[in-house]
Amino acid sequence: MQIHEEEQLTIHLQQFIRCSTISNEDVEQFDWPEFTKLHGLFKEFYPTLYKEFSVTDVGRAGLLFHYASGHKEKTPLVLSAHQDVVEPGVLSLWHQEPFSGAYADGCVWGRGTTDCKHLFLAEMEAVETLFAQGFRPDYDLYIALGYSEEIYMTSGEDGGRLLKEAFDAQGVKEIVLFDEGGSITTDAQGHRVARVGLGDKSQIVYELYKEGTGGHSSVPGLHTDMGALARSIVALEDHPRPYKLTDLARGQLQGLAKLETGERQRIFADPDRHWDEVCALAAEDPQLDALLHTTLCVTMAQGARQVNVIPARVSAMISARVLPGETGDEILAYIQQYLTGGIQVRRVSGIDPVHEDTPHSEEFACVAKTIQDVYGTDVMVMPSLMLFATDSRYYADIAKHIFLFSGYEQDQRWGPMHGVNEKIPADALPGGRAFFMQLLQNY
Ligand SMILES: [Zn+2]
């Protein structure tokens, strides 16, 4: 049975990977027929889903499946994922062609195997299997699949936003949402930990810039706009946003305390009491640092295109990762106070993060129970802040809870998201499907 399941899931995922659904900031650069090809596979693999659910096309390639239960007591459950993937990167570094869906060394290889075609595979297979067996939930169930999660669309057709608008159009006022996020991993001491995201940081992009007249580099004067830009960047780096302990960060540190030993265990177990020590550790540890404040990372800078020209415009881009509870406008004002020499700042893109959720809810308890039902009671369930943003932020005003969790158990055989040689072991696939099957029954 197990072998048969694994084979079937493997074959389906391989075919999903063969659709090169790469997203692009320019809507005209998408290869839309590849999404159509993927939708053809959904119809072929999931006949019960297509029979029992209404299917709405959303935007250029979004899909919203809805099962209307006729019951209104429970909050509708939404399983979401994105269909798009990032560019494969340097082809010569891949051991298997990135859109071949090759099966080698016990793994399915290719772009999207872990971010996140494995997720909609698990969600759709779970629904198909249960419904084919006659299961019908006493709550409304949705599957929401976006197509532009990996990019910031410039033309306003963002799949995540349009999906949210489709919920609004149906008059849906409240949902519980699952989206990509944490998984179960094993640390060096052999502890198995399930990280369930109860909040994520939102990327907001800012531009620092100054427009002048430019000129010849032989008569620069004592200061240049490029110098002012550099001074502004240095001032920002010298004044990071202060650390703070949100409820979720506190919960996560206390969870980590159970996995740590020695000093770190003592400090994390009661982070309020040992706050100075937490801050000292964070200054040396980028992961911990990211958990405790909004980060500002300057990633791109531009001046003249020729060495003997004083640029008429200098600019630098900041990728800010904003902590739940803070806003993009607040960060804009913060940046402003450190700019010198006429440098200005503007907000380019990004929306404010969703407020973080509490682990003290009935629904979180249900998620934790589901994880232990499927993977065993030795798995420790840890509420976590996700450092990467997902499409879930669009649902802020209707989401009672957002759980960022993939349902999978991950190990060192997995290939990196967005990296070369992205791959997933075939024997991990039944676990993902089992998680969502159990969830639909426990919810
Ligand atoms: Zn993703």
# chains A, B, ... in the order shown; residues from 1 in each chain; ligands from 1
$ select_by_dssp --residues "stretch 211-400 of chain A" --states "helix (DSSP H, G or I)" --output "PyMOL selection string"
chain A and resi 225-238+247-257+262-269+275-284+286-292+328-336+362-375+391-395
$ closest_atom_pairs --of "chain A" --to "ligand 1" --cutoff "10 Å" --atoms "only C-alpha atoms and all ligand atoms" --output "CSV"
residue,atom,partner,partner_atom_place_in_ligand_line,distance
A:Ala81,CA,ligand 1,1 (Zn),7.5
A:His82,CA,ligand 1,1 (Zn),6.5
A:Gln83,CA,ligand 1,1 (Zn),8.7
A:Asp84,CA,ligand 1,1 (Zn),8.1
A:Val85,CA,ligand 1,1 (Zn),7.5
A:Val86,CA,ligand 1,1 (Zn),9.0
A:Gly112,CA,ligand 1,1 (Zn),8.4
A:Thr114,CA,ligand 1,1 (Zn),8.1
A:Asp115,CA,ligand 1,1 (Zn),4.5
A:Cys116,CA,ligand 1,1 (Zn),5.2
A:Lys117,CA,ligand 1,1 (Zn),8.7
A:Leu119,CA,ligand 1,1 (Zn),9.2
A:Ser148,CA,ligand 1,1 (Zn),9.8
A:Glu149,CA,ligand 1,1 (Zn),6.7
A:Glu150,CA,ligand 1,1 (Zn),6.6
A:Asp179,CA,ligand 1,1 (Zn),9.0
A:Glu180,CA,ligand 1,1 (Zn),6.3
A:Gly181,CA,ligand 1,1 (Zn),8.1
A:Phe388,CA,ligand 1,1 (Zn),8.9
A:Ala389,CA,ligand 1,1 (Zn),8.7
A:Thr390,CA,ligand 1,1 (Zn),6.8
A:Asp391,CA,ligand 1,1 (Zn),8.7
A:Met417,CA,ligand 1,1 (Zn),8.1
A:His418,CA,ligand 1,1 (Zn),8.9
$ write_last_selection --atoms "N, CA and C atoms" --output "PDB file, in the first residue's frame"
ATOM      1  N   ALA A  81      -1.560  27.364  -1.805  1.00  0.00           N
ATOM      2  CA  ALA A  81      -0.185  27.138  -2.283  1.00  0.00           C
ATOM      3  C   ALA A  81      -0.029  27.969  -3.556  1.00  0.00           C
ATOM      4  N   HIS A  82       1.200  28.119  -4.008  1.00  0.00           N
ATOM      5  CA  HIS A  82       1.388  28.824  -5.284  1.00  0.00           C
ATOM      6  C   HIS A  82       1.929  27.866  -6.338  1.00  0.00           C
ATOM      7  N   GLN A  83       1.503  28.117  -7.564  1.00  0.00           N
ATOM      8  CA  GLN A  83       1.893  27.237  -8.675  1.00  0.00           C
ATOM      9  C   GLN A  83       3.182  27.679  -9.346  1.00  0.00           C
ATOM     10  N   ASP A  84       3.566  28.933  -9.127  1.00  0.00           N
ATOM     11  CA  ASP A  84       4.742  29.444  -9.832  1.00  0.00           C
ATOM     12  C   ASP A  84       6.031  29.057  -9.123  1.00  0.00           C
ATOM     13  N   VAL A  85       7.099  29.075  -9.883  1.00  0.00           N
ATOM     14  CA  VAL A  85       8.423  28.755  -9.354  1.00  0.00           C
ATOM     15  C   VAL A  85       9.413  29.832  -9.794  1.00  0.00           C
ATOM     16  N   VAL A  86      10.581  29.835  -9.156  1.00  0.00           N
ATOM     17  CA  VAL A  86      11.621  30.792  -9.565  1.00  0.00           C
ATOM     18  C   VAL A  86      12.457  30.200 -10.699  1.00  0.00           C
ATOM     19  N   GLY A 112      10.751  23.615  -8.028  1.00  0.00           N
ATOM     20  CA  GLY A 112       9.380  23.545  -7.522  1.00  0.00           C
ATOM     21  C   GLY A 112       9.099  22.315  -6.670  1.00  0.00           C
ATOM     22  N   THR A 114      10.310  21.529  -3.815  1.00  0.00           N
ATOM     23  CA  THR A 114      10.155  21.868  -2.392  1.00  0.00           C
ATOM     24  C   THR A 114       9.568  23.264  -2.198  1.00  0.00           C
ATOM     25  N   ASP A 115       9.349  24.005  -3.274  1.00  0.00           N
ATOM     26  CA  ASP A 115       8.769  25.355  -3.195  1.00  0.00           C
ATOM     27  C   ASP A 115       7.997  25.636  -4.455  1.00  0.00           C
ATOM     28  N   CYS A 116       6.658  25.311  -4.455  1.00  0.00           N
ATOM     29  CA  CYS A 116       6.046  24.472  -3.450  1.00  0.00           C
ATOM     30  C   CYS A 116       5.013  23.565  -4.114  1.00  0.00           C
ATOM     31  N   LYS A 117       5.458  22.917  -5.226  1.00  0.00           N
ATOM     32  CA  LYS A 117       4.537  21.988  -5.895  1.00  0.00           C
ATOM     33  C   LYS A 117       4.254  20.773  -5.017  1.00  0.00           C
ATOM     34  N   LEU A 119       3.509  21.012  -2.043  1.00  0.00           N
ATOM     35  CA  LEU A 119       2.437  21.416  -1.128  1.00  0.00           C
ATOM     36  C   LEU A 119       1.070  21.239  -1.776  1.00  0.00           C
ATOM     37  N   SER A 148       1.734  33.939  -8.657  1.00  0.00           N
ATOM     38  CA  SER A 148       2.751  35.003  -8.724  1.00  0.00           C
ATOM     39  C   SER A 148       3.324  35.284  -7.337  1.00  0.00           C
ATOM     40  N   GLU A 149       3.505  34.232  -6.550  1.00  0.00           N
ATOM     41  CA  GLU A 149       3.987  34.421  -5.181  1.00  0.00           C
ATOM     42  C   GLU A 149       5.455  34.829  -5.156  1.00  0.00           C
ATOM     43  N   GLU A 150       6.204  34.327  -6.119  1.00  0.00           N
ATOM     44  CA  GLU A 150       7.662  34.493  -6.080  1.00  0.00           C
ATOM     45  C   GLU A 150       8.138  35.866  -6.556  1.00  0.00           C
ATOM     46  N   ASP A 179      -0.910  27.696   4.552  1.00  0.00           N
ATOM     47  CA  ASP A 179      -0.062  28.083   3.432  1.00  0.00           C
ATOM     48  C   ASP A 179       1.353  27.564   3.694  1.00  0.00           C
ATOM     49  N   GLU A 180       2.231  27.726   2.714  1.00  0.00           N
ATOM     50  CA  GLU A 180       3.593  27.200   2.846  1.00  0.00           C
ATOM     51  C   GLU A 180       4.281  27.779   4.078  1.00  0.00           C
ATOM     52  N   GLY A 181       5.212  27.042   4.627  1.00  0.00           N
ATOM     53  CA  GLY A 181       5.900  27.517   5.818  1.00  0.00           C
ATOM     54  C   GLY A 181       6.781  26.438   6.400  1.00  0.00           C
ATOM     55  N   PHE A 388      10.400  34.331   5.910  1.00  0.00           N
ATOM     56  CA  PHE A 388      10.051  34.602   4.512  1.00  0.00           C
ATOM     57  C   PHE A 388       8.580  34.967   4.438  1.00  0.00           C
ATOM     58  N   ALA A 389       8.258  35.861   3.521  1.00  0.00           N
ATOM     59  CA  ALA A 389       6.859  36.257   3.340  1.00  0.00           C
ATOM     60  C   ALA A 389       6.149  35.280   2.400  1.00  0.00           C
ATOM     61  N   THR A 390       4.851  35.120   2.584  1.00  0.00           N
ATOM     62  CA  THR A 390       4.043  34.296   1.690  1.00  0.00           C
ATOM     63  C   THR A 390       2.831  35.110   1.229  1.00  0.00           C
ATOM     64  N   ASP A 391       2.047  34.522   0.321  1.00  0.00           N
ATOM     65  CA  ASP A 391       0.825  35.168  -0.155  1.00  0.00           C
ATOM     66  C   ASP A 391      -0.230  35.310   0.944  1.00  0.00           C
ATOM     67  N   MET A 417      15.345  25.149  -1.573  1.00  0.00           N
ATOM     68  CA  MET A 417      14.400  26.035  -2.243  1.00  0.00           C
ATOM     69  C   MET A 417      15.198  27.141  -2.933  1.00  0.00           C
ATOM     70  N   HIS A 418      14.822  27.486  -4.129  1.00  0.00           N
ATOM     71  CA  HIS A 418      15.430  28.570  -4.910  1.00  0.00           C
ATOM     72  C   HIS A 418      16.876  28.267  -5.309  1.00  0.00           C
TER      73      HIS A 418
END
$ select_by_dssp --residues "stretch 124-259 of chain A" --states "strand (DSSP E)" --output "number ranges by chain"
A: 141-146, 175-186, 192-200, 202-211, 215-216
$ write_last_selection --atoms "N, CA and C atoms" --output "mmCIF file, in the first residue's frame"
data_model
loop_
_atom_site.group_PDB
_atom_site.id
_atom_site.type_symbol
_atom_site.label_atom_id
_atom_site.label_comp_id
_atom_site.auth_asym_id
_atom_site.auth_seq_id
_atom_site.Cartn_x
_atom_site.Cartn_y
_atom_site.Cartn_z
ATOM 1 N N LEU A 141 -14.869 23.971 2.397
ATOM 2 C CA LEU A 141 -13.455 23.711 2.156
ATOM 3 C C LEU A 141 -13.038 24.351 0.826
ATOM 4 N N TYR A 142 -11.898 25.014 0.862
ATOM 5 C CA TYR A 142 -11.376 25.663 -0.340
ATOM 6 C C TYR A 142 -9.942 25.204 -0.623
ATOM 7 N N ILE A 143 -9.591 25.170 -1.893
ATOM 8 C CA ILE A 143 -8.178 25.096 -2.276
ATOM 9 C C ILE A 143 -7.912 26.333 -3.127
ATOM 10 N N ALA A 144 -6.920 27.129 -2.725
ATOM 11 C CA ALA A 144 -6.632 28.395 -3.414
ATOM 12 C C ALA A 144 -5.204 28.353 -3.950
ATOM 13 N N LEU A 145 -5.075 28.417 -5.278
ATOM 14 C CA LEU A 145 -3.748 28.298 -5.895
ATOM 15 C C LEU A 145 -3.383 29.565 -6.666
ATOM 16 N N GLY A 146 -2.362 30.258 -6.175
ATOM 17 C CA GLY A 146 -1.907 31.482 -6.821
ATOM 18 C C GLY A 146 -0.869 31.187 -7.897
ATOM 19 N N ILE A 175 -12.005 32.926 7.550
ATOM 20 C CA ILE A 175 -11.421 31.657 7.107
ATOM 21 C C ILE A 175 -10.311 31.234 8.078
ATOM 22 N N VAL A 176 -9.962 29.955 8.022
ATOM 23 C CA VAL A 176 -8.722 29.469 8.622
ATOM 24 C C VAL A 176 -7.863 29.012 7.452
ATOM 25 N N LEU A 177 -6.665 29.556 7.358
ATOM 26 C CA LEU A 177 -5.839 29.376 6.161
ATOM 27 C C LEU A 177 -4.566 28.578 6.449
ATOM 28 N N PHE A 178 -4.274 27.645 5.550
ATOM 29 C CA PHE A 178 -2.978 26.960 5.573
ATOM 30 C C PHE A 178 -2.187 27.399 4.350
ATOM 31 N N ASP A 179 -0.910 27.696 4.552
ATOM 32 C CA ASP A 179 -0.062 28.083 3.432
ATOM 33 C C ASP A 179 1.353 27.564 3.694
ATOM 34 N N GLU A 180 2.231 27.726 2.714
ATOM 35 C CA GLU A 180 3.593 27.200 2.846
ATOM 36 C C GLU A 180 4.281 27.779 4.078
ATOM 37 N N GLY A 181 5.212 27.042 4.627
ATOM 38 C CA GLY A 181 5.900 27.517 5.818
ATOM 39 C C GLY A 181 6.781 26.438 6.400
ATOM 40 N N GLY A 182 6.610 26.190 7.679
ATOM 41 C CA GLY A 182 7.488 25.272 8.390
ATOM 42 C C GLY A 182 7.251 23.815 8.042
ATOM 43 N N SER A 183 8.153 22.970 8.541
ATOM 44 C CA SER A 183 8.021 21.525 8.356
ATOM 45 C C SER A 183 8.623 20.866 9.592
ATOM 46 N N ILE A 184 8.677 19.552 9.567
ATOM 47 C CA ILE A 184 9.285 18.839 10.697
ATOM 48 C C ILE A 184 10.749 18.560 10.352
ATOM 49 N N THR A 185 11.632 18.892 11.264
ATOM 50 C CA THR A 185 13.054 18.622 11.040
ATOM 51 C C THR A 185 13.633 17.961 12.284
ATOM 52 N N THR A 186 14.807 17.380 12.134
ATOM 53 C CA THR A 186 15.474 16.728 13.267
ATOM 54 C C THR A 186 16.780 17.455 13.530
ATOM 55 N N ARG A 192 12.930 15.796 17.156
ATOM 56 C CA ARG A 192 12.099 16.108 15.974
ATOM 57 C C ARG A 192 11.199 17.294 16.332
ATOM 58 N N VAL A 193 11.278 18.329 15.523
ATOM 59 C CA VAL A 193 10.553 19.568 15.819
ATOM 60 C C VAL A 193 9.699 19.988 14.620
ATOM 61 N N ALA A 194 8.435 20.256 14.870
ATOM 62 C CA ALA A 194 7.543 20.789 13.825
ATOM 63 C C ALA A 194 7.402 22.287 14.039
ATOM 64 N N ARG A 195 7.908 23.071 13.117
ATOM 65 C CA ARG A 195 7.768 24.524 13.221
ATOM 66 C C ARG A 195 6.527 24.962 12.461
ATOM 67 N N VAL A 196 5.564 25.463 13.208
ATOM 68 C CA VAL A 196 4.318 25.935 12.598
ATOM 69 C C VAL A 196 4.322 27.456 12.640
ATOM 70 N N GLY A 197 4.324 28.080 11.474
ATOM 71 C CA GLY A 197 4.368 29.540 11.409
ATOM 72 C C GLY A 197 3.033 30.139 11.837
ATOM 73 N N LEU A 198 3.108 31.052 12.810
ATOM 74 C CA LEU A 198 1.909 31.776 13.249
ATOM 75 C C LEU A 198 2.034 33.252 12.887
ATOM 76 N N GLY A 199 2.984 33.544 12.051
ATOM 77 C CA GLY A 199 3.187 34.913 11.602
ATOM 78 C C GLY A 199 4.359 34.891 10.646
ATOM 79 N N ASP A 200 4.407 35.854 9.749
ATOM 80 C CA ASP A 200 5.586 35.943 8.891
ATOM 81 C C ASP A 200 5.960 37.406 8.689
ATOM 82 N N SER A 202 6.965 40.557 6.462
ATOM 83 C CA SER A 202 6.578 40.994 5.131
ATOM 84 C C SER A 202 7.749 41.739 4.493
ATOM 85 N N GLN A 203 7.989 41.476 3.204
ATOM 86 C CA GLN A 203 9.033 42.258 2.524
ATOM 87 C C GLN A 203 8.444 43.562 2.019
ATOM 88 N N ILE A 204 9.015 44.651 2.463
ATOM 89 C CA ILE A 204 8.652 45.953 1.906
ATOM 90 C C ILE A 204 9.921 46.546 1.312
ATOM 91 N N VAL A 205 9.827 47.025 0.082
ATOM 92 C CA VAL A 205 10.999 47.527 -0.635
ATOM 93 C C VAL A 205 10.987 49.057 -0.622
ATOM 94 N N TYR A 206 12.123 49.623 -0.279
ATOM 95 C CA TYR A 206 12.280 51.081 -0.295
ATOM 96 C C TYR A 206 13.423 51.443 -1.235
ATOM 97 N N GLU A 207 13.332 52.663 -1.786
ATOM 98 C CA GLU A 207 14.444 53.181 -2.578
ATOM 99 C C GLU A 207 14.978 54.443 -1.922
ATOM 100 N N LEU A 208 16.271 54.477 -1.727
ATOM 101 C CA LEU A 208 16.938 55.711 -1.323
ATOM 102 C C LEU A 208 17.418 56.360 -2.618
ATOM 103 N N TYR A 209 17.246 57.664 -2.759
ATOM 104 C CA TYR A 209 17.642 58.265 -4.034
ATOM 105 C C TYR A 209 17.903 59.761 -3.891
ATOM 106 N N LYS A 210 18.620 60.268 -4.880
ATOM 107 C CA LYS A 210 18.767 61.718 -4.985
ATOM 108 C C LYS A 210 18.919 62.066 -6.460
ATOM 109 N N GLU A 211 18.193 63.063 -6.861
ATOM 110 C CA GLU A 211 18.294 63.513 -8.244
ATOM 111 C C GLU A 211 19.020 64.852 -8.288
ATOM 112 N N GLY A 215 27.379 65.718 -13.893
ATOM 113 C CA GLY A 215 28.474 66.572 -14.345
ATOM 114 C C GLY A 215 29.701 65.756 -14.686
ATOM 115 N N HIS A 216 30.809 66.466 -14.797
ATOM 116 C CA HIS A 216 32.061 65.817 -15.171
ATOM 117 C C HIS A 216 32.841 65.434 -13.911
#
$ closest_residue --among "A:Asp378, A:Asp26, A:Glu237, A:Asp397" --to "A:Asp158" --atoms "only C-alpha atoms"
A:Asp26
$ closest_atom_pairs --of "stretch 152-268 of chain A" --to "stretch 54-77 of chain A" --cutoff "12 Å" --atoms "only C-alpha atoms" --output "tab-separated table"
residue	atom	partner	partner_atom	distance
A:Ser155	CA	A:Gly59	CA	11.9
A:Gly156	CA	A:Gly59	CA	10.3
A:Glu157	CA	A:Gly59	CA	6.7
A:Asp158	CA	A:Gly59	CA	7.9
A:Gly159	CA	A:Gly62	CA	6.0
A:Gly160	CA	A:Gly62	CA	8.3
A:Arg161	CA	A:Gly59	CA	9.5
A:Leu162	CA	A:Gly59	CA	6.4
A:Leu163	CA	A:Val58	CA	6.3
A:Lys164	CA	A:Val58	CA	9.7
A:Glu165	CA	A:Val58	CA	9.2
A:Ala166	CA	A:Val58	CA	7.3
A:Phe167	CA	A:Leu64	CA	9.0
A:Ala169	CA	A:Val58	CA	11.6
A:Gln170	CA	A:His66	CA	10.5
A:Val172	CA	A:Pro76	CA	8.5
A:Lys173	CA	A:Thr75	CA	9.2
A:Glu174	CA	A:Thr75	CA	6.4
A:Ile175	CA	A:Pro76	CA	5.0
A:Val176	CA	A:Leu77	CA	5.0
A:Leu177	CA	A:Leu77	CA	6.1
A:Phe178	CA	A:Leu77	CA	8.0
A:Asp179	CA	A:Leu77	CA	11.3
$ write_last_selection --atoms "N, CA and C atoms" --output "JSON list (two decimals), in the first residue's frame"
[["chain", "number", "residue", "atom", "x", "y", "z"],
["A", 155, "SER", "N", 2.26, 44.84, -12.85],
["A", 155, "SER", "CA", 1.06, 45.19, -13.61],
["A", 155, "SER", "C", -0.25, 44.99, -12.85],
["A", 156, "GLY", "N", -0.18, 44.73, -11.55],
["A", 156, "GLY", "CA", -1.39, 44.71, -10.75],
["A", 156, "GLY", "C", -2.24, 43.47, -10.87],
["A", 157, "GLU", "N", -1.75, 42.41, -11.50],
["A", 157, "GLU", "CA", -2.56, 41.21, -11.66],
["A", 157, "GLU", "C", -2.11, 40.14, -10.67],
["A", 158, "ASP", "N", -1.66, 40.54, -9.51],
["A", 158, "ASP", "CA", -1.12, 39.59, -8.57],
["A", 158, "ASP", "C", -2.14, 38.52, -8.18],
["A", 159, "GLY", "N", -1.73, 37.26, -8.30],
["A", 159, "GLY", "CA", -2.63, 36.14, -8.05],
["A", 159, "GLY", "C", -3.15, 36.08, -6.63],
["A", 160, "GLY", "N", -2.29, 36.34, -5.66],
["A", 160, "GLY", "CA", -2.70, 36.30, -4.26],
["A", 160, "GLY", "C", -3.78, 37.33, -3.97],
["A", 161, "ARG", "N", -3.57, 38.52, -4.48],
["A", 161, "ARG", "CA", -4.54, 39.60, -4.26],
["A", 161, "ARG", "C", -5.89, 39.26, -4.91],
["A", 162, "LEU", "N", -5.83, 38.74, -6.14],
["A", 162, "LEU", "CA", -7.06, 38.41, -6.85],
["A", 162, "LEU", "C", -7.82, 37.26, -6.19],
["A", 163, "LEU", "N", -7.07, 36.30, -5.65],
["A", 163, "LEU", "CA", -7.73, 35.20, -4.92],
["A", 163, "LEU", "C", -8.49, 35.73, -3.71],
["A", 164, "LYS", "N", -7.84, 36.64, -2.98],
["A", 164, "LYS", "CA", -8.50, 37.25, -1.83],
["A", 164, "LYS", "C", -9.77, 37.97, -2.28],
["A", 165, "GLU", "N", -9.68, 38.68, -3.39],
["A", 165, "GLU", "CA", -10.87, 39.39, -3.91],
["A", 165, "GLU", "C", -11.97, 38.42, -4.30],
["A", 166, "ALA", "N", -11.58, 37.21, -4.75],
["A", 166, "ALA", "CA", -12.59, 36.19, -5.09],
["A", 166, "ALA", "C", -13.35, 35.75, -3.84],
["A", 167, "PHE", "N", -12.64, 35.65, -2.70],
["A", 167, "PHE", "CA", -13.32, 35.34, -1.43],
["A", 167, "PHE", "C", -14.28, 36.46, -1.06],
["A", 169, "ALA", "N", -15.74, 38.50, -3.07],
["A", 169, "ALA", "CA", -16.87, 38.47, -4.01],
["A", 169, "ALA", "C", -17.90, 37.41, -3.60],
["A", 170, "GLN", "N", -17.41, 36.33, -2.98],
["A", 170, "GLN", "CA", -18.33, 35.27, -2.51],
["A", 170, "GLN", "C", -18.92, 35.59, -1.14],
["A", 172, "VAL", "N", -17.32, 35.77, 1.71],
["A", 172, "VAL", "CA", -16.69, 35.01, 2.81],
["A", 172, "VAL", "C", -16.09, 36.00, 3.81],
["A", 173, "LYS", "N", -16.49, 35.88, 5.08],
["A", 173, "LYS", "CA", -16.08, 36.86, 6.09],
["A", 173, "LYS", "C", -14.96, 36.35, 6.99],
["A", 174, "GLU", "N", -14.83, 35.02, 7.08],
["A", 174, "GLU", "CA", -13.83, 34.48, 7.99],
["A", 174, "GLU", "C", -13.33, 33.13, 7.48],
["A", 175, "ILE", "N", -12.01, 32.93, 7.55],
["A", 175, "ILE", "CA", -11.42, 31.66, 7.11],
["A", 175, "ILE", "C", -10.31, 31.23, 8.08],
["A", 176, "VAL", "N", -9.96, 29.95, 8.02],
["A", 176, "VAL", "CA", -8.72, 29.47, 8.62],
["A", 176, "VAL", "C", -7.86, 29.01, 7.45],
["A", 177, "LEU", "N", -6.67, 29.56, 7.36],
["A", 177, "LEU", "CA", -5.84, 29.38, 6.16],
["A", 177, "LEU", "C", -4.57, 28.58, 6.45],
["A", 178, "PHE", "N", -4.27, 27.64, 5.55],
["A", 178, "PHE", "CA", -2.98, 26.96, 5.57],
["A", 178, "PHE", "C", -2.19, 27.40, 4.35],
["A", 179, "ASP", "N", -0.91, 27.70, 4.55],
["A", 179, "ASP", "CA", -0.06, 28.08, 3.43],
["A", 179, "ASP", "C", 1.35, 27.56, 3.69]]
$ residues_around --residues "A:Leu229" --least-positions-apart "4" --cutoff "8 Å" --atoms "only C-alpha atoms" --output "PDB file with C-alpha atoms, in the first residue's frame"
ATOM      1  CA  LEU A 208      16.938  55.711  -1.323  1.00  0.00           C
ATOM      2  CA  TYR A 209      17.642  58.265  -4.034  1.00  0.00           C
ATOM      3  CA  ASP A 225      25.601  62.441  -4.090  1.00  0.00           C
ATOM      4  CA  ILE A 233      23.395  53.598   4.237  1.00  0.00           C
ATOM      5  CA  VAL A 314      21.975  57.883  -7.412  1.00  0.00           C
ATOM      6  CA  SER A 315      19.872  55.193  -5.793  1.00  0.00           C
ATOM      7  CA  ALA A 316      19.965  52.166  -3.534  1.00  0.00           C
ATOM      8  CA  THR A 340      21.746  62.959   5.041  1.00  0.00           C
ATOM      9  CA  GLY A 341      22.927  65.167   2.155  1.00  0.00           C
ATOM     10  CA  ILE A 343      18.969  61.689   0.105  1.00  0.00           C
TER      11      ILE A 343
END
$ residues_around --residues "A:Leu439" --least-positions-apart "3" --cutoff "12 Å" --atoms "only C-alpha atoms" --output "compact mmCIF listing (two decimals) with C-alpha atoms, in the first residue's frame"
# COMPACT_ATOMS: atom_id res chain seq x y z
CA LEU A 77 -10.92 25.94 5.86
CA VAL A 78 -8.62 27.13 3.04
CA LEU A 79 -5.63 25.11 1.80
CA ALA A 122 -0.26 17.02 -0.71
CA GLU A 123 -3.37 19.20 -0.44
CA ALA A 126 -5.57 14.45 0.35
CA VAL A 127 -8.85 15.99 -0.79
CA LEU A 130 -10.88 11.44 1.07
CA PRO A 137 -16.74 17.75 5.72
CA LEU A 141 -13.46 23.71 2.16
CA PHE A 178 -2.98 26.96 5.57
CA GLU A 363 -7.35 25.51 16.04
CA PHE A 364 -3.63 25.50 16.91
CA ALA A 365 -4.29 22.61 19.28
CA CYS A 366 -5.95 20.80 16.36
CA VAL A 367 -2.90 21.38 14.15
CA ALA A 368 -0.57 20.13 16.89
CA LYS A 369 -2.70 17.03 17.43
CA THR A 370 -2.79 16.34 13.68
CA ILE A 371 1.02 16.54 13.47
CA GLN A 372 1.37 14.07 16.35
CA ASP A 373 -1.36 11.78 14.98
CA VAL A 374 0.54 11.47 11.71
CA PHE A 405 3.06 24.68 7.68
CA SER A 406 3.71 22.31 4.81
CA GLY A 407 2.77 19.02 6.49
CA GLY A 432 2.48 15.34 3.34
CA ARG A 433 -0.70 13.84 1.98
CA ALA A 434 -1.41 12.01 5.27
CA PHE A 435 -1.08 15.28 7.20
CA PHE A 436 -3.79 17.01 5.16
CA ASN A 442 -9.63 16.49 12.82
CA TYR A 443 -10.76 20.02 11.93
$ atom_distance --atom1 "atom CA of A:Thr299" --atom2 "atom CA of A:Asp329"
20.2 Å
$ atom_distance --atom1 "atom CA of A:Val278" --atom2 "atom CA of A:Gln410"
28.3 Å
$ residues_around --residues "stretch 255-271 of chain A" --least-positions-apart "6" --cutoff "9 Å" --atoms "only C-alpha atoms" --output "PyMOL selection string"
chain A and resi 187+189+191+245+277-278+281+380-383
$ write_last_selection --atoms "N, CA and C atoms" --output "tab-separated table (two decimals), in the first residue's frame"
chain	number	residue	atom	x	y	z
A	187	ASP	N	17.01	17.85	14.77
A	187	ASP	CA	18.26	18.58	15.06
A	187	ASP	C	19.40	17.60	15.39
A	189	GLN	N	20.81	16.73	17.99
A	189	GLN	CA	20.61	15.84	19.15
A	189	GLN	C	19.51	14.80	18.91
A	191	HIS	N	16.25	15.53	18.26
A	191	HIS	CA	14.90	16.02	18.54
A	191	HIS	C	14.16	16.27	17.23
A	245	LEU	N	10.63	41.75	22.03
A	245	LEU	CA	10.19	40.39	22.26
A	245	LEU	C	8.67	40.34	22.08
A	277	GLU	N	21.09	39.44	27.67
A	277	GLU	CA	21.86	38.31	27.11
A	277	GLU	C	21.27	37.84	25.78
A	278	VAL	N	19.94	37.88	25.67
A	278	VAL	CA	19.29	37.53	24.39
A	278	VAL	C	19.79	38.50	23.31
A	281	LEU	N	23.32	37.76	22.24
A	281	LEU	CA	23.38	36.59	21.36
A	281	LEU	C	22.89	36.94	19.95
A	380	MET	N	7.94	17.55	18.70
A	380	MET	CA	7.61	18.74	19.48
A	380	MET	C	7.08	19.82	18.52
A	381	VAL	N	5.92	20.36	18.85
A	381	VAL	CA	5.31	21.36	17.97
A	381	VAL	C	5.67	22.76	18.47
A	382	MET	N	6.36	23.52	17.63
A	382	MET	CA	6.86	24.82	18.06
A	382	MET	C	6.24	25.96	17.25
A	383	PRO	N	5.50	26.86	17.92
A	383	PRO	CA	5.00	28.04	17.19
A	383	PRO	C	6.19	28.89	16.74
$ atom_distance --atom1 "atom CA of A:Gln336" --atom2 "atom CA of A:Ala283"
23.6 Å
$ closest_residue --among "A:Gln412, A:Thr358, A:Ser20, A:Thr113" --to "A:Leu429" --atoms "only C-alpha atoms"
A:Thr113
$ residues_around --residues "A:Gly212" --least-positions-apart "4" --cutoff "10 Å" --atoms "only C-alpha atoms" --output "PyMOL selection string"
chain A and resi 225+310-314+342
$ residues_around --residues "stretch 42-47 of chain A" --least-positions-apart "3" --cutoff "10 Å" --atoms "only C-alpha atoms" --output "list in words"
His12, Phe16, Thr36, Lys37, Leu38, His39, Tyr50, Lys51, Glu52, Leu121, Met124, Glu125, Val127, Glu128, Thr129 and Ala132 of chain A
